[in-house]
$ cat input.txt   # compact mmCIF, C-alpha atoms
# COMPACT_ATOMS: atom_id res chain seq x y z
CA MET A 1 -23.73 -124.64 -6.85
CA MET A 2 -27.51 -124.33 -6.62
CA GLN A 3 -27.84 -127.87 -7.95
CA GLU A 4 -25.44 -129.14 -5.25
CA ASP A 5 -27.41 -127.31 -2.55
CA ALA A 6 -30.68 -128.77 -3.92
CA MET A 7 -29.16 -132.27 -3.90
CA SER A 8 -27.93 -131.70 -0.37
CA LEU A 9 -31.42 -130.64 0.73
CA VAL A 10 -32.97 -133.67 -0.99
CA GLU A 11 -30.45 -135.96 0.72
CA HIS A 12 -31.23 -134.42 4.13
CA LEU A 13 -34.97 -134.83 3.58
CA GLY A 14 -34.42 -138.43 2.47
CA GLU A 15 -32.38 -139.15 5.60
CA LEU A 16 -35.02 -137.52 7.79
CA ARG A 17 -37.73 -139.63 6.15
CA LYS A 18 -35.74 -142.84 6.79
CA ARG A 19 -35.23 -141.95 10.44
CA ILE A 20 -38.94 -141.14 10.91
CA ILE A 21 -39.81 -144.52 9.36
CA TRP A 22 -37.43 -146.23 11.81
CA ILE A 23 -39.05 -144.43 14.75
CA ILE A 24 -42.57 -145.32 13.59
CA ALA A 25 -41.51 -148.95 13.08
CA VAL A 26 -40.09 -149.14 16.63
CA LEU A 27 -43.28 -147.51 17.98
CA VAL A 28 -45.45 -150.11 16.24
CA LEU A 29 -43.25 -153.00 17.43
CA GLY A 30 -43.29 -151.50 20.94
CA MET A 31 -47.08 -151.42 20.90
CA ILE A 32 -47.22 -155.05 19.76
CA GLY A 33 -44.78 -156.10 22.48
CA GLY A 34 -46.57 -153.90 25.02
CA PHE A 35 -49.85 -155.63 24.24
CA PHE A 36 -48.39 -158.95 25.43
CA VAL A 37 -46.92 -157.57 28.68
CA ALA A 38 -49.85 -155.28 29.48
CA LYS A 39 -51.88 -157.84 31.45
CA PRO A 40 -49.58 -158.23 34.51
CA ILE A 41 -49.09 -154.46 34.62
CA LEU A 42 -52.85 -153.85 34.50
CA ILE A 43 -53.41 -156.42 37.25
CA TYR A 44 -50.80 -154.69 39.42
CA LEU A 45 -52.36 -151.28 38.80
CA GLN A 46 -55.79 -152.65 39.71
CA GLU A 47 -54.48 -154.20 42.93
CA ALA A 48 -52.55 -151.03 43.85
CA SER A 49 -55.54 -148.84 43.05
CA PRO A 50 -56.83 -146.30 45.61
CA LEU A 51 -60.12 -148.17 45.28
CA VAL A 52 -60.42 -150.86 47.95
CA ASN A 53 -62.27 -154.03 46.89
CA ALA A 54 -63.53 -152.26 43.81
CA THR A 55 -65.70 -153.93 41.21
CA TRP A 56 -64.45 -153.05 37.76
CA HIS A 57 -66.99 -152.57 35.02
CA ALA A 58 -66.85 -152.67 31.24
CA PHE A 59 -69.47 -150.44 29.65
CA SER A 60 -68.69 -151.57 26.13
CA PRO A 61 -67.28 -154.72 24.48
CA TRP A 62 -64.28 -152.63 23.43
CA ASP A 63 -63.33 -151.39 26.92
CA GLY A 64 -60.85 -154.20 27.64
CA LEU A 65 -59.15 -153.77 24.27
CA ARG A 66 -59.07 -149.98 24.69
CA VAL A 67 -57.26 -150.26 28.03
CA TYR A 68 -54.78 -152.74 26.56
CA MET A 69 -54.11 -150.34 23.68
CA GLN A 70 -53.67 -147.34 25.99
CA LEU A 71 -51.13 -149.14 28.16
CA SER A 72 -49.40 -150.63 25.10
CA PHE A 73 -49.01 -147.13 23.68
CA ILE A 74 -47.39 -145.85 26.88
CA ILE A 75 -45.02 -148.85 26.95
CA ALA A 76 -44.20 -148.17 23.29
CA LEU A 77 -43.45 -144.51 24.08
CA VAL A 78 -41.01 -145.56 26.82
CA VAL A 79 -39.29 -147.96 24.41
CA THR A 80 -39.33 -145.52 21.48
CA GLY A 81 -38.07 -142.53 23.47
CA PRO A 82 -34.36 -143.51 23.44
CA VAL A 83 -34.61 -144.58 19.79
CA THR A 84 -36.17 -141.23 18.83
CA LEU A 85 -33.44 -139.33 20.67
CA TYR A 86 -30.74 -141.45 19.02
CA HIS A 87 -32.10 -140.76 15.53
CA LEU A 88 -32.46 -137.06 16.33
CA TRP A 89 -28.85 -137.05 17.52
CA SER A 90 -27.73 -138.92 14.41
CA PHE A 91 -29.54 -136.43 12.17
CA VAL A 92 -27.85 -133.36 13.70
CA LYS A 93 -24.55 -135.17 14.30
CA PRO A 94 -22.82 -133.94 11.10
CA GLY A 95 -23.23 -130.35 12.29
CA LEU A 96 -21.62 -131.04 15.67
CA SER A 97 -17.98 -131.26 16.64
CA LYS A 98 -16.64 -134.57 17.97
CA GLU A 99 -16.76 -133.25 21.53
CA GLU A 100 -20.37 -132.12 21.07
CA GLN A 101 -21.25 -135.51 19.58
CA LYS A 102 -19.89 -137.29 22.65
CA ALA A 103 -21.63 -134.86 25.00
CA THR A 104 -25.05 -135.02 23.33
CA ILE A 105 -25.14 -138.83 23.10
CA GLY A 106 -25.13 -138.78 26.91
CA TYR A 107 -28.54 -137.08 26.84
CA ILE A 108 -30.24 -140.35 25.88
CA PRO A 109 -29.84 -142.25 29.19
CA PHE A 110 -30.41 -138.98 31.09
CA SER A 111 -33.71 -138.42 29.28
CA VAL A 112 -34.88 -141.98 30.02
CA LEU A 113 -34.03 -141.50 33.70
CA LEU A 114 -35.96 -138.20 33.84
CA PHE A 115 -38.97 -139.77 32.12
CA LEU A 116 -39.03 -142.60 34.69
CA VAL A 117 -38.65 -140.13 37.58
CA GLY A 118 -41.54 -138.09 36.16
CA LEU A 119 -43.61 -141.26 35.77
CA ALA A 120 -42.96 -142.26 39.39
CA PHE A 121 -43.77 -138.76 40.65
CA ALA A 122 -46.99 -138.68 38.64
CA TYR A 123 -48.11 -142.15 39.76
CA PHE A 124 -47.15 -142.07 43.44
CA VAL A 125 -47.81 -138.38 44.21
CA VAL A 126 -50.08 -136.66 41.70
CA PHE A 127 -52.44 -139.47 40.73
CA PRO A 128 -53.50 -140.39 44.32
CA MET A 129 -54.16 -136.70 45.03
CA ALA A 130 -56.16 -136.30 41.86
CA PHE A 131 -58.17 -139.43 42.55
CA LYS A 132 -58.84 -138.46 46.16
CA PHE A 133 -60.02 -135.02 45.08
CA ALA A 134 -62.30 -136.40 42.36
CA SER A 135 -63.65 -139.13 44.63
CA GLY A 136 -64.32 -136.63 47.43
CA LEU A 137 -66.20 -134.38 45.04
CA THR A 138 -68.30 -137.34 43.91
CA GLY A 139 -69.07 -138.22 47.53
CA SER A 140 -70.05 -134.65 48.37
CA LEU A 141 -72.72 -134.86 45.66
CA MET A 142 -73.92 -138.16 47.18
CA LEU A 143 -73.29 -140.04 43.95
CA THR A 144 -72.66 -143.79 43.77
CA GLU A 145 -69.15 -144.48 42.52
CA THR A 146 -69.28 -147.04 39.72
CA TYR A 147 -65.99 -147.23 37.88
CA GLY A 148 -65.57 -148.35 34.31
CA ILE A 149 -62.11 -149.74 33.66
CA THR A 150 -61.61 -147.54 30.58
CA GLN A 151 -62.61 -144.37 32.41
CA TYR A 152 -60.38 -145.19 35.39
CA PHE A 153 -57.26 -145.91 33.36
CA SER A 154 -57.88 -143.02 30.96
CA PHE A 155 -58.02 -140.74 34.00
CA MET A 156 -54.72 -142.22 35.23
CA PHE A 157 -52.89 -142.11 31.91
CA ASN A 158 -54.01 -138.54 31.20
CA ILE A 159 -52.11 -137.54 34.35
CA LEU A 160 -49.08 -139.82 34.04
CA LEU A 161 -48.08 -139.14 30.45
CA PRO A 162 -48.07 -135.28 30.40
CA ILE A 163 -46.15 -135.02 33.68
CA SER A 164 -43.59 -137.62 32.55
CA LEU A 165 -43.00 -135.64 29.35
CA LEU A 166 -42.70 -132.34 31.27
CA PHE A 167 -39.84 -133.86 33.26
CA GLU A 168 -37.83 -133.95 30.00
CA LEU A 169 -37.40 -130.17 30.21
CA PRO A 170 -33.69 -130.19 31.24
CA VAL A 171 -32.78 -132.50 28.35
CA VAL A 172 -34.63 -130.31 25.83
CA VAL A 173 -32.98 -127.14 27.14
CA MET A 174 -29.51 -128.73 27.16
CA PHE A 175 -29.92 -130.00 23.62
CA LEU A 176 -31.20 -126.65 22.30
CA THR A 177 -28.31 -124.88 24.04
CA ARG A 178 -25.85 -127.34 22.55
CA ILE A 179 -27.06 -126.58 19.01
CA ARG A 180 -27.11 -122.82 19.89
CA LEU A 181 -30.84 -122.24 19.59
CA LEU A 182 -31.04 -121.35 23.31
CA ASN A 183 -28.69 -119.81 25.85
CA PRO A 184 -28.94 -118.86 29.54
CA ILE A 185 -29.42 -115.18 28.66
CA ARG A 186 -32.61 -115.99 26.75
CA LEU A 187 -33.73 -118.37 29.49
CA HIS A 188 -33.32 -115.59 32.09
CA LYS A 189 -35.40 -113.23 29.96
CA MET A 190 -38.06 -115.91 29.49
CA ARG A 191 -38.16 -116.88 33.18
CA ARG A 192 -41.42 -115.10 34.16
CA TYR A 193 -43.20 -116.42 31.06
CA ALA A 194 -41.79 -119.90 31.65
CA TYR A 195 -43.02 -119.87 35.25
CA LEU A 196 -46.47 -118.78 34.10
CA ALA A 197 -46.55 -121.52 31.43
CA LEU A 198 -45.47 -124.17 33.95
CA VAL A 199 -48.12 -123.07 36.46
CA ILE A 200 -50.78 -123.19 33.73
CA LEU A 201 -49.62 -126.65 32.68
CA SER A 202 -49.72 -127.76 36.33
CA THR A 203 -53.34 -126.67 36.67
CA VAL A 204 -54.22 -128.45 33.42
CA VAL A 205 -52.80 -131.87 34.42
CA THR A 206 -53.99 -131.81 38.05
CA PRO A 207 -57.34 -131.56 39.84
CA PRO A 208 -58.77 -128.03 40.00
CA ASP A 209 -57.45 -127.17 43.46
CA ALA A 210 -54.54 -124.91 44.38
CA LEU A 211 -52.61 -127.46 46.49
CA SER A 212 -52.33 -130.04 43.68
CA ALA A 213 -51.24 -127.40 41.17
CA ILE A 214 -48.58 -126.09 43.59
CA ILE A 215 -47.25 -129.60 44.32
CA VAL A 216 -46.76 -130.20 40.58
CA ALA A 217 -45.61 -126.66 39.72
CA ILE A 218 -42.79 -126.57 42.31
CA PRO A 219 -40.77 -129.52 40.89
CA LEU A 220 -41.33 -128.21 37.35
CA ILE A 221 -39.99 -124.77 38.33
CA ILE A 222 -37.01 -126.46 40.04
CA LEU A 223 -36.42 -128.41 36.83
CA TYR A 224 -36.48 -125.15 34.88
CA GLU A 225 -33.85 -123.63 37.17
CA ILE A 226 -31.73 -126.78 36.85
CA SER A 227 -32.12 -126.41 33.09
CA VAL A 228 -30.83 -122.82 33.29
CA LEU A 229 -27.78 -123.94 35.30
CA LEU A 230 -27.01 -126.73 32.85
CA SER A 231 -27.44 -124.29 29.98
CA LYS A 232 -24.92 -121.95 31.64
CA VAL A 233 -22.35 -124.75 31.87
CA ILE A 234 -22.74 -125.62 28.18
CA TYR A 235 -22.78 -121.95 27.11
CA ARG A 236 -19.55 -121.14 29.00
CA LYS A 237 -17.79 -124.05 27.31
CA GLN A 238 -19.04 -122.82 23.93
CA LEU A 239 -17.77 -119.29 24.60
CA ALA A 240 -14.39 -120.61 25.75
CA LYS A 241 -14.12 -122.73 22.61
CA ASP A 242 -15.10 -119.76 20.43
CA ARG A 243 -12.39 -117.62 22.07
CA VAL A 244 -9.76 -120.31 21.45
CA TRP A 245 -10.82 -120.55 17.80
CA ALA A 246 -10.79 -116.74 17.43
CA ASP A 247 -7.31 -116.49 18.97
CA GLU A 248 -5.98 -119.21 16.69
CA TYR A 249 -7.69 -118.37 13.40
CA GLY A 250 -9.16 -114.90 13.85
CA ASP A 251 -6.27 -113.01 12.35
CA LYS A 252 -5.69 -115.42 9.49
$ encode --input "input.txt" --output "structure tokens"
Amino acid sequence: MMQEDAMSLVEHLGELRKRIIWIIAVLVLGMIGGFFVAKPILIYLQEASPLVNATWHAFSPWDGLRVYMQLSFIIALVVTGPVTLYHLWSFVKPGLSKEEQKATIGYIPFSVLLFLVGLAFAYFVVFPMAFKFASGLTGSLMLTETYGITQYFSFMFNILLPISLLFELPVVVMFLTRIRLLNPIRLHKMRRYAYLALVILSTVVTPPDALSAIIVAIPLIILYEISVLLSKVIYRKQLAKDRVWADEYGDK
């Protein structure tokens, strides 16, 4: 029996290793593909920049390559996200019922949609605010604004990526509820700590002013409450299913 359990554990670890290799391979291929499509995206971002008639500077021979690699990595993350979720779903699939398997596979398109919504919110709302705040602070110190392309895009990507990932909160909560690691009761108990964590995260990814932090914190708190509601729906279905099973097999 112990030998069978050990073999089972080894098989699970082997499967996990294969799935991680697949994810890494897709990430690498996504970065290679992203490198070739990065130029038109970078040109668009330069033209849509808050800077009007800006002169872009490279302070090192590697700056152009660094920007290409940064954007390629973000493109690769977008491409790899659904693949990662699929392999995660496939790994836990044997422990789920057929109904749960069908329900959880629907998280993949939902997660992609939330990531894109978070990306749009970060780019069109948060980034202009952050740039305006930083630029105004620079002007108040009577400094000459000379922008290096690496510094500009690093500033942008450091805002876009964390906020996009934070928008995945409902999917994470739904998935953890589905596999019974979370439930709405725990989420209610954690609410004050979750709010505090979201506010702290909002201040980290935005300029150091209260308005920007509030503008980011409010949608994140709304997402948390949506997550709680979705968790309730899943939890009620689980309880109803457990009652049916208990009524049918409990006395046997």
$ atom_distance --input "input.txt" --atom1 "atom CA of A:Gly81" --atom2 "atom CA of A:Lys98"
23.5 Å
$ atom_distance --input "input.txt" --atom1 "atom CA of A:Val173" --atom2 "atom CA of A:Phe124"
26.3 Å
$ residues_near_point --input "input.txt" --point "(-48.1, -150.1, 24.4)" --cutoff "8 Å" --atoms "all atoms listed in the file" --output "list in words"
Gly30, Met31, Ile32, Gly33, Gly34, Phe35, Ala38, Tyr68, Met69, Gln70, Leu71, Ser72, Phe73, Ile74, Ile75, Ala76 and Leu77 of chain A
$ write_last_selection --input "input.txt" --atoms "C-alpha atoms" --output "mmCIF file, in the coordinates of the input"
data_model
loop_
_atom_site.group_PDB
_atom_site.id
_atom_site.type_symbol
_atom_site.label_atom_id
_atom_site.label_comp_id
_atom_site.auth_asym_id
_atom_site.auth_seq_id
_atom_site.Cartn_x
_atom_site.Cartn_y
_atom_site.Cartn_z
ATOM 1 C CA GLY A 30 -43.290 -151.500 20.940
ATOM 2 C CA MET A 31 -47.080 -151.420 20.900
ATOM 3 C CA ILE A 32 -47.220 -155.050 19.760
ATOM 4 C CA GLY A 33 -44.780 -156.100 22.480
ATOM 5 C CA GLY A 34 -46.570 -153.900 25.020
ATOM 6 C CA PHE A 35 -49.850 -155.630 24.240
ATOM 7 C CA ALA A 38 -49.850 -155.280 29.480
ATOM 8 C CA TYR A 68 -54.780 -152.740 26.560
ATOM 9 C CA MET A 69 -54.110 -150.340 23.680
ATOM 10 C CA GLN A 70 -53.670 -147.340 25.990
ATOM 11 C CA LEU A 71 -51.130 -149.140 28.160
ATOM 12 C CA SER A 72 -49.400 -150.630 25.100
ATOM 13 C CA PHE A 73 -49.010 -147.130 23.680
ATOM 14 C CA ILE A 74 -47.390 -145.850 26.880
ATOM 15 C CA ILE A 75 -45.020 -148.850 26.950
ATOM 16 C CA ALA A 76 -44.200 -148.170 23.290
ATOM 17 C CA LEU A 77 -43.450 -144.510 24.080
#
$ closest_residue --input "input.txt" --among "A:Pro109, A:Leu161, A:Val126, A:Ser231" --to "A:Ala217" --atoms "all atoms listed in the file"
A:Val126
$ closest_residue --input "input.txt" --among "A:Ala194, A:Ser154, A:Thr177, A:Asp247" --to "A:Val233" --atoms "only C-alpha atoms"
A:Thr177
$ residues_around --input "input.txt" --residues "A:Leu165" --least-positions-apart "3" --cutoff "10 Å" --atoms "all atoms listed in the file" --output "PyMOL selection string"
chain A and resi 111+114-116+118-119+160-162+168-169
$ write_last_selection --input "input.txt" --atoms "C-alpha atoms" --output "short mmCIF file (atom, residue, chain, number, x, y, z; two decimals), in the frame of the given file"
data_model
loop_
_atom_site.label_atom_id
_atom_site.label_comp_id
_atom_site.auth_asym_id
_atom_site.auth_seq_id
_atom_site.Cartn_x
_atom_site.Cartn_y
_atom_site.Cartn_z
CA SER A 111 -33.71 -138.42 29.28
CA LEU A 114 -35.96 -138.20 33.84
CA PHE A 115 -38.97 -139.77 32.12
CA LEU A 116 -39.03 -142.60 34.69
CA GLY A 118 -41.54 -138.09 36.16
CA LEU A 119 -43.61 -141.26 35.77
CA LEU A 160 -49.08 -139.82 34.04
CA LEU A 161 -48.08 -139.14 30.45
CA PRO A 162 -48.07 -135.28 30.40
CA GLU A 168 -37.83 -133.95 30.00
CA LEU A 169 -37.40 -130.17 30.21
#
$ closest_residue --input "input.txt" --among "A:Pro170, A:Gly95, A:Pro219, A:Gly148" --to "A:Asp63" --atoms "all atoms listed in the file"
A:Gly148
